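Reading through the structure tokens given below for one structure.
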Amino acid sequence: MNRRQLLQGLAAWATGTLFTPALANTRYVCPMHPQIVQDHPGTCPICGMDLVQKKLETTQETPVISGQSGGTDSAKQAFSVRTQRIERTPLWKYIETFGQVQADQTRLRHVHPLTEGWIYDLQIRADGDRVTAEQPLFWIYSTELLAAQQDYLLALQRQSSGQSGARSVVQAAKSRLRHLGMAEKTLRTLTQKRAVIQRVPYLAPQSGVVQKLRVQEGMYVSPQVEMFQIVDLSQVWVQAQVLPLHQAWLKNGLTVEVSTAAYPGQHWEGRIDYIEPELDPVTQAKSARIVLSNEQEQLAPNMAADVVIYGGPKRNVLAVPLEAVIDDGRQARVVTRLESGGFQVKPVDTGMQTQGWVEILSGLNEGDDVVVSGQFLIDSESRIQSNLNRMNEVSEDAEQEAITPMDHQSSEGENGQEVTHDH
């Protein structure tokens with residue numbers, strides 16, 4: 001294409017041969033996805049619906065959708081919307097969340113042998129076995145324990161014969177046996193019988209349930225080996241997850257009610273005992289620890305639980321029903337009814353959310369009429385009108401830029417030189 005043909009094309013485009021001003025005010029919009037706007041018929045690339053023809057209208061910076069009969073089809077339907085006048089009211093701090101039952105770490109005992117030796121007559125066979133305090137769990141044969149017993153018996157003989165300093169030697173030998181894991185009950189038997197016990201019994205330090213059993217009959221063990229654990233489930237913890245929306249008023253001592261699907265209709269009451277200082281890196285939730293009495297041991301570790309946390313009232317709060325708020329993840333909006341009968345979409349900042357109500361921090365005033373039914377239709381109409389107006393501004397700018405260069409047209413003179421004609 002030479003320069004003359006290019007200039008002819010620009011002239012045709014600027015004079016309307018390729019650009020029809022009548023079509024500049026027409027756009028095609030998806031009724032379900034208002035962000036899809038184009039200047040020709042077609043289908044929506046998201047949902048596949050046919051695009052609807054729209055005429056551009058001049059609107060305010062914040063679109064106001066007319067409620068009169070001259071409005072669009074969706075605006076006409078606005079007559080059936082339901083509104084509610086907002087007032088200041090107390091909101092009860094109330095969280096419905098979830099949690100998980102865990103063993104109370106203060107009631108968990110790690111069982112290690114305090115001396116090297118061989119295990120005999122192991123009384124527990126698998127995780128979940130229940131034991132009671134002072135119950136023999138196994139017997140151990142240990143050469144170190146045998147030597148300590150002999151030293152203790154020798155010290156008793158010297159004490160009986162009246163040797164000086166024998167009493168302190170007896171006490172030292174007895175203390176050594178305790179540190180090697182000999183129970184007081186066994187120590188009394190040794191003192192009475194004055195005979196070495198070949199296999200020393202190990203008694204349960206507390207009642208509970210065995211977990212993480214790592215030894216079997218006849219194994220050789222040493223102090224660094226954890227043989228098993230005993231957990232007392234008469235009291236448990238529930239770790240509840242609290243999302244950022246409610247973390248501002250979360251504190252120790254709040255009353256909590258816990259339930260679980262395993263026992264319908266049954267509830268456990270407790271209080272928040274501890275709040276983890278760190279947040280979950282993915283959900284940003286904060287973990288709150290709840291202590292519960294579990295005498296019947298119905299709550300088991302890793303059991304899922306429903307948690308309700310009560311935090312008391314927050315008074316004199318401007319609030320709207322939850323159904324009135326349109327939240328797309330980036331901005332929260334509500335639709336208000338104007339005195340003229342129209343509707344206006346307003347961005348708002350929200351706060352606490354509880355029992356179907358949302359606190360409004362800014363964006364609304366007391367006494368405003370808020371749409372609580374049908375607001376999505378009005379909001380969609382507003383977004384469509386905003387997108388059409390932006391498209392109209394772009395079209396007008398493009399038209400102006402195309403016409404302006406034609407004020408100076410160039411042509412070739414007889415001698416082949418360019419001649420500029422000013423109009």
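Just remember, in the structure tokens the first chain shown is A, the second B, etc., residues are 1-based per chain, and ligands are 1-based in the order shown.
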
Query raised in the report: Near segment 207-217 of chain A, counting only C-alpha atoms, which residues have an atom at most 10 Å away, once you skip same-chain residues fewer than 6 positions from it, shown as a ChimeraX atom specification?
Result: /A:107-111,118-135,138-139,225-234

Suppose we keep C-alpha atoms; can you now write the selection as a PDB file, in the first residue's frame?
```pdb
ATOM      1  CA  ARG A 107      -1.643 -35.978  81.380  1.00  0.00           C
ATOM      2  CA  LEU A 108       0.666 -37.834  79.004  1.00  0.00           C
ATOM      3  CA  ARG A 109       3.492 -40.018  80.381  1.00  0.00           C
ATOM      4  CA  HIS A 110       6.414 -41.224  78.260  1.00  0.00           C
ATOM      5  CA  VAL A 111       7.682 -44.555  79.597  1.00  0.00           C
ATOM      6  CA  TRP A 118      15.679 -57.540  79.135  1.00  0.00           C
ATOM      7  CA  ILE A 119      11.872 -57.330  79.128  1.00  0.00           C
ATOM      8  CA  TYR A 120       9.861 -60.285  80.533  1.00  0.00           C
ATOM      9  CA  ASP A 121       6.146 -60.918  81.107  1.00  0.00           C
ATOM     10  CA  LEU A 122       4.981 -57.864  79.144  1.00  0.00           C
ATOM     11  CA  GLN A 123       1.366 -57.201  80.242  1.00  0.00           C
ATOM     12  CA  ILE A 124       0.370 -54.902  77.375  1.00  0.00           C
ATOM     13  CA  ARG A 125       0.128 -56.155  73.823  1.00  0.00           C
ATOM     14  CA  ALA A 126      -1.200 -53.348  71.628  1.00  0.00           C
ATOM     15  CA  ASP A 127      -2.092 -49.682  71.460  1.00  0.00           C
ATOM     16  CA  GLY A 128      -5.377 -48.944  73.180  1.00  0.00           C
ATOM     17  CA  ASP A 129      -4.822 -51.328  76.107  1.00  0.00           C
ATOM     18  CA  ARG A 130      -6.112 -49.766  79.298  1.00  0.00           C
ATOM     19  CA  VAL A 131      -3.985 -49.790  82.465  1.00  0.00           C
ATOM     20  CA  THR A 132      -4.475 -48.604  86.030  1.00  0.00           C
ATOM     21  CA  ALA A 133      -2.015 -46.881  88.353  1.00  0.00           C
ATOM     22  CA  GLU A 134       0.403 -49.238  90.191  1.00  0.00           C
ATOM     23  CA  GLN A 135      -0.427 -52.093  87.813  1.00  0.00           C
ATOM     24  CA  PHE A 138       6.471 -55.728  82.664  1.00  0.00           C
ATOM     25  CA  TRP A 139       9.429 -57.235  84.555  1.00  0.00           C
ATOM     26  CA  VAL A 225      14.292 -45.995  74.130  1.00  0.00           C
ATOM     27  CA  GLU A 226      10.687 -44.830  74.610  1.00  0.00           C
ATOM     28  CA  MET A 227       8.822 -48.094  75.143  1.00  0.00           C
ATOM     29  CA  PHE A 228       5.285 -46.625  75.033  1.00  0.00           C
ATOM     30  CA  GLN A 229       3.084 -43.801  76.271  1.00  0.00           C
ATOM     31  CA  ILE A 230       0.229 -43.722  78.761  1.00  0.00           C
ATOM     32  CA  VAL A 231      -2.381 -41.006  78.231  1.00  0.00           C
ATOM     33  CA  ASP A 232      -5.087 -40.104  80.728  1.00  0.00           C
ATOM     34  CA  LEU A 233      -8.257 -39.221  78.777  1.00  0.00           C
ATOM     35  CA  SER A 234     -10.370 -38.162  81.750  1.00  0.00           C
TER      36      SER A 234
END
```

Report task. From a DSSP pass on the backbone, collect the residues of segment 148-335 of chain A flagged as alpha helix (DSSP H) and hand them back as a PyMOL selection string. Result -> chain A and resi 148-160+166-179+184-193

Query raised in the report: Could you write out, as JSON, numbers by chain, all the residues of segment 292-389 of chain A that DSSP marks as strand (DSSP E or B)?
Result: {"A": [292, 293, 304, 305, 306, 307, 308, 309, 310, 311, 312, 313, 314, 315, 316, 317, 318, 319, 320, 321, 326, 327, 332, 333, 334, 335, 336, 337, 343, 344, 345, 346, 347, 348, 349, 350, 351, 352, 353, 354, 357, 358, 359, 360, 361, 362, 369, 370, 371, 372, 373]}

Written file, previous selection with C-alpha atoms, as a PDB file, in the first residue's frame:
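Produced file out_1.pdb, reproduced below:
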```pdb
ATOM      1  CA  LEU A 292     -12.958 -30.291  78.727  1.00  0.00           C
ATOM      2  CA  SER A 293     -13.799 -32.824  81.411  1.00  0.00           C
ATOM      3  CA  ALA A 304     -13.825 -33.807  64.920  1.00  0.00           C
ATOM      4  CA  ALA A 305     -15.912 -31.426  67.007  1.00  0.00           C
ATOM      5  CA  ASP A 306     -18.314 -28.526  66.452  1.00  0.00           C
ATOM      6  CA  VAL A 307     -17.394 -25.551  68.613  1.00  0.00           C
ATOM      7  CA  VAL A 308     -19.434 -22.523  69.685  1.00  0.00           C
ATOM      8  CA  ILE A 309     -17.561 -19.673  71.418  1.00  0.00           C
ATOM      9  CA  TYR A 310     -19.562 -17.030  73.312  1.00  0.00           C
ATOM     10  CA  GLY A 311     -17.990 -13.603  73.694  1.00  0.00           C
ATOM     11  CA  GLY A 312     -20.667 -11.285  75.082  1.00  0.00           C
ATOM     12  CA  PRO A 313     -22.375  -8.277  73.378  1.00  0.00           C
ATOM     13  CA  LYS A 314     -20.923  -5.487  71.248  1.00  0.00           C
ATOM     14  CA  ARG A 315     -23.310  -2.579  71.761  1.00  0.00           C
ATOM     15  CA  ASN A 316     -24.498   0.338  69.588  1.00  0.00           C
ATOM     16  CA  VAL A 317     -23.380  -1.278  66.321  1.00  0.00           C
ATOM     17  CA  LEU A 318     -24.592  -0.270  62.860  1.00  0.00           C
ATOM     18  CA  ALA A 319     -25.487  -3.594  61.247  1.00  0.00           C
ATOM     19  CA  VAL A 320     -27.279  -5.009  58.198  1.00  0.00           C
ATOM     20  CA  PRO A 321     -28.571  -8.501  57.460  1.00  0.00           C
ATOM     21  CA  ILE A 326     -22.613  -8.500  48.106  1.00  0.00           C
ATOM     22  CA  ASP A 327     -19.027  -9.647  48.580  1.00  0.00           C
ATOM     23  CA  ALA A 332     -18.163  -5.594  49.859  1.00  0.00           C
ATOM     24  CA  ARG A 333     -21.173  -3.668  48.479  1.00  0.00           C
ATOM     25  CA  VAL A 334     -24.775  -2.996  49.426  1.00  0.00           C
ATOM     26  CA  VAL A 335     -27.663  -1.533  47.415  1.00  0.00           C
ATOM     27  CA  THR A 336     -29.594   1.330  48.996  1.00  0.00           C
ATOM     28  CA  ARG A 337     -32.962   2.770  47.981  1.00  0.00           C
ATOM     29  CA  PHE A 343     -31.283   2.517  43.792  1.00  0.00           C
ATOM     30  CA  GLN A 344     -27.585   3.100  44.333  1.00  0.00           C
ATOM     31  CA  VAL A 345     -24.735   0.637  44.852  1.00  0.00           C
ATOM     32  CA  LYS A 346     -22.432   1.657  47.718  1.00  0.00           C
ATOM     33  CA  PRO A 347     -19.109   0.100  48.770  1.00  0.00           C
ATOM     34  CA  VAL A 348     -18.903  -0.627  52.511  1.00  0.00           C
ATOM     35  CA  ASP A 349     -16.341  -1.740  55.067  1.00  0.00           C
ATOM     36  CA  THR A 350     -17.601  -4.639  57.183  1.00  0.00           C
ATOM     37  CA  GLY A 351     -16.619  -5.817  60.641  1.00  0.00           C
ATOM     38  CA  MET A 352     -17.941  -8.537  62.930  1.00  0.00           C
ATOM     39  CA  GLN A 353     -20.293 -11.121  61.471  1.00  0.00           C
ATOM     40  CA  THR A 354     -22.606 -13.090  63.752  1.00  0.00           C
ATOM     41  CA  TRP A 357     -25.872  -9.943  60.798  1.00  0.00           C
ATOM     42  CA  VAL A 358     -22.835  -7.971  59.609  1.00  0.00           C
ATOM     43  CA  GLU A 359     -21.326  -4.922  61.285  1.00  0.00           C
ATOM     44  CA  ILE A 360     -20.921  -1.891  58.975  1.00  0.00           C
ATOM     45  CA  LEU A 361     -17.835   0.179  59.785  1.00  0.00           C
ATOM     46  CA  SER A 362     -18.207   2.757  57.003  1.00  0.00           C
ATOM     47  CA  ASP A 369     -32.879   1.773  53.350  1.00  0.00           C
ATOM     48  CA  VAL A 370     -30.861  -1.286  52.357  1.00  0.00           C
ATOM     49  CA  VAL A 371     -32.041  -3.795  49.780  1.00  0.00           C
ATOM     50  CA  VAL A 372     -32.120  -7.283  51.297  1.00  0.00           C
ATOM     51  CA  SER A 373     -33.774  -9.111  48.368  1.00  0.00           C
TER      52      SER A 373
END
```

**Report entry** Residues near Pro244 of chain A, cut-off 9 Å, only C-alpha atoms, skip fewer than 3 positions along chain, as a PyMOL selection string
**Finding:** chain A and resi 247-248+284-286

Report summary line: atom CA of Ala300 of chain A sits from atom CA of Pro277 of chain A at a separation of 25.5 Å

Query raised in the report: Do you know which residues are at most 8 Å from Ala148 of chain A counting only C-alpha atoms, after dropping those on the same chain fewer than 2 positions away, and could you put them as a ChimeraX atom specification?
Result: /A:144-146,150-152,173,176-177

Can I get the selection written as a short mmCIF file (atom, residue, chain, number, x, y, z; two decimals), in the first residue's frame, with C-alpha atoms?
```cif
data_model
loop_
_atom_site.label_atom_id
_atom_site.label_comp_id
_atom_site.auth_asym_id
_atom_site.auth_seq_id
_atom_site.Cartn_x
_atom_site.Cartn_y
_atom_site.Cartn_z
CA GLU A 144 22.85 -52.85 87.12
CA LEU A 145 19.73 -53.29 89.25
CA LEU A 146 21.12 -56.52 90.69
CA GLN A 150 23.35 -56.09 96.62
CA ASP A 151 24.90 -52.78 97.72
CA TYR A 152 21.65 -51.84 99.47
CA ALA A 173 21.80 -47.06 98.21
CA ARG A 176 20.09 -45.23 93.73
CA LEU A 177 17.47 -47.98 93.44
#
```

Query - Nearest residue to Arg199 of chain A from the set A:Ile140, A:Leu299, A:Leu153, A:Met49 (distances using only C-alpha atoms) - result: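 Among the listed residues, A:Ile140 lies closest to Arg199 of chain A.
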
Requested in this report: Compare A:Lys185, A:Lys93, A:Arg167, A:His179 by their minimum atom-to-atom distance to Lys251 of chain A, counting only C-alpha atoms, and give me the closest one.
Outcome: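 Among A:Lys185, A:Lys93, A:Arg167, A:His179, it is A:Lys93 that comes nearest to Lys251 of chain A.
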